[in-house]
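Enquirer: Below is a structure I'd like to ask you about.
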Amino acid sequence: METLIESGIDFSIFFYNPNIHPVKEYEIRKEENIRFAEKHNIPFIDCDYDTDNWFERAKGMENEPEKGIRCTMCFDMRFERTALYAAEHGFSLISSSLGISRWKNMKQINDCGHRSASHYSGISYWDYNWRKNGGAVRMLEISKNEEFYQQEYCGCVYSLRDTNRWRMSQGRDRIKLGVKFYSNAMDDED
């Protein structure tokens, strides 16, 4: 978003994340987005938290691995809603910040974005590589300066389950929701 702000591109944040579980985690992540949007005068569009729809689509994919078909379904669902909203409200371009994460498959994300945009005349998907030119490093700097909530799993119930299983197998504690935030003091720990 910093790059978009500096470029002068007129944009809005579209928050549609029915995959995030539990609702406490969803609310924390949404509030972080709202806080950043308000600080930078960015329009914030809060879409429906239709978890029933997400769980219905995820049926049979509960044990799929991260970056697998469940993630494709999730990205497709969220991009479909984004593209529909864009078409209905006069936006011509959609994109996503999902690709900034090293834990995500950028090709998978971009394929979903292009597929969803292709259903609407006049809507394009911008597959900008947010990681390049130090983007991932800058994301961490911003996260520390803003003291953003530190997300420790993708967001869905299955990611939470699998991350906790892995952590426990490594002798680590389960994820505690709402307690870990980025800070500049983290530099001292690294």
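Residues in the structure tokens are numbered from 1 in each chain, the chains being A, B, ... in the order shown, and ligands are numbered from 1 in the order shown.
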Excluding A:Thr82 and its own-chain neighbours fewer than 4 positions away, which residues fall within 8 Å of it when counting only C-alpha atoms? Please give them as a PyMOL selection string.

Expert: chain A and resi 14+16+78+86+94

Enquirer: So that I can see what lies close to A:Val157, please list as an MDAnalysis selection string the residues with an atom at most 9 Å from it, counting only C-alpha atoms and leaving out residues fewer than 4 positions away in the same chain.

Expert: chainID A and resid 19:22 161:162

Enquirer: Among chain A, which residues carry a DSSP assignment of strand (DSSP E), reported as a CSV table (one decimal) with N, CA and C atoms, in the first residue's frame?

Expert:
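New file result-v9.csv:
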```csv
chain,number,residue,atom,x,y,z
A,13,ILE,N,-9.1,-0.3,-0.2
A,13,ILE,CA,-8.8,-1.6,0.4
A,13,ILE,C,-10.2,-2.4,0.4
A,14,PHE,N,-10.2,-3.6,-0.2
A,14,PHE,CA,-11.4,-4.4,-0.2
A,14,PHE,C,-11.1,-5.6,0.7
A,15,PHE,N,-11.7,-5.6,1.9
A,15,PHE,CA,-11.5,-6.7,2.9
A,15,PHE,C,-12.5,-7.7,2.8
A,44,PHE,N,-11.9,2.2,2.8
A,44,PHE,CA,-11.9,0.8,3.2
A,44,PHE,C,-13.3,0.2,3.0
A,45,ILE,N,-13.3,-0.9,2.2
A,45,ILE,CA,-14.6,-1.6,1.9
A,45,ILE,C,-14.6,-2.9,2.7
A,46,ASP,N,-15.6,-3.0,3.6
A,46,ASP,CA,-15.7,-4.1,4.5
A,46,ASP,C,-16.8,-5.1,3.9
A,93,LEU,N,-9.5,-2.2,-12.2
A,93,LEU,CA,-8.3,-3.0,-11.8
A,93,LEU,C,-8.4,-3.6,-10.4
A,94,ILE,N,-8.0,-4.8,-10.3
A,94,ILE,CA,-8.0,-5.4,-9.0
A,94,ILE,C,-6.5,-6.0,-8.8
A,124,SER,N,-9.4,-5.8,-15.1
A,124,SER,CA,-8.1,-6.5,-15.2
A,124,SER,C,-7.5,-6.8,-13.9
A,125,TYR,N,-6.6,-7.8,-13.8
A,125,TYR,CA,-5.9,-8.1,-12.6
A,125,TYR,C,-4.5,-7.7,-12.8
```

Enquirer: Which of these residues is nearest to A:Gly68, using only C-alpha atoms: A:Asn53, A:Asn133, A:Ser92, A:Ser159?

Expert: A:Ser159

Enquirer: Using DSSP secondary structure from the backbone, list all helix (DSSP H, G or I) positions within stretch 2-175 of chain A, as number ranges by chain.

Expert: A: 2-7, 23-39, 51-58, 69-88, 98-100, 106-117, 132-146, 157-169

Enquirer: Closest to A:Ser101 among A:Val23, A:Cys47, A:Met139, A:Ile42, using only C-alpha atoms?

Expert: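 Distance minimum relative to A:Ser101 lands on A:Met139.
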
Enquirer: Would you pick out the contacts of stretch 169-175 of chain A at 9 Å or less, using only C-alpha atoms, so that residues sharing its chain but fewer than 6 positions from it are not included, and give the list as a ChimeraX atom specification?

Expert: /A:152-153,160,163

Enquirer: For A:Gly178, work out the shell of residues within 9 Å, counting only C-alpha atoms and skipping chain neighbours fewer than 3 positions away, then give it as a PDB file with N, CA and C atoms, in the first residue's frame.

Expert:
```
ATOM      1  N   LYS A  24     -12.334 -14.140  16.273  1.00  0.00           N
ATOM      2  CA  LYS A  24     -11.404 -13.255  16.989  1.00  0.00           C
ATOM      3  C   LYS A  24     -10.233 -12.889  16.084  1.00  0.00           C
ATOM      4  N   GLU A  25      -9.670 -13.863  15.388  1.00  0.00           N
ATOM      5  CA  GLU A  25      -8.547 -13.612  14.472  1.00  0.00           C
ATOM      6  C   GLU A  25      -8.999 -12.729  13.311  1.00  0.00           C
ATOM      7  N   ILE A  28      -9.296  -9.113  14.541  1.00  0.00           N
ATOM      8  CA  ILE A  28      -7.981  -8.491  14.747  1.00  0.00           C
ATOM      9  C   ILE A  28      -7.390  -8.073  13.405  1.00  0.00           C
ATOM     10  N   TYR A 149      -0.190  -6.520  14.064  1.00  0.00           N
ATOM     11  CA  TYR A 149      -0.413  -7.866  14.579  1.00  0.00           C
ATOM     12  C   TYR A 149       0.377  -8.842  13.715  1.00  0.00           C
ATOM     13  N   GLN A 150       1.053  -9.775  14.336  1.00  0.00           N
ATOM     14  CA  GLN A 150       1.856 -10.752  13.608  1.00  0.00           C
ATOM     15  C   GLN A 150       1.038 -12.019  13.395  1.00  0.00           C
ATOM     16  N   GLN A 151       0.664 -12.237  12.171  1.00  0.00           N
ATOM     17  CA  GLN A 151      -0.132 -13.404  11.810  1.00  0.00           C
ATOM     18  C   GLN A 151       0.777 -14.624  11.777  1.00  0.00           C
ATOM     19  N   PHE A 181       2.721  -9.173  18.315  1.00  0.00           N
ATOM     20  CA  PHE A 181       2.757  -8.005  17.447  1.00  0.00           C
ATOM     21  C   PHE A 181       4.198  -7.724  17.042  1.00  0.00           C
TER      22      PHE A 181
END
```

Enquirer: When you look at stretch 113-115 of chain A with a cut-off of 12 Å (counting only C-alpha atoms), what residues show up, excluding the ones that are within fewer than 4 positions of it in the same chain? I need them as a VMD selection string.

Expert: chain A and resid 72 to 84 93 to 99 106 to 109 119 to 120 123 to 128
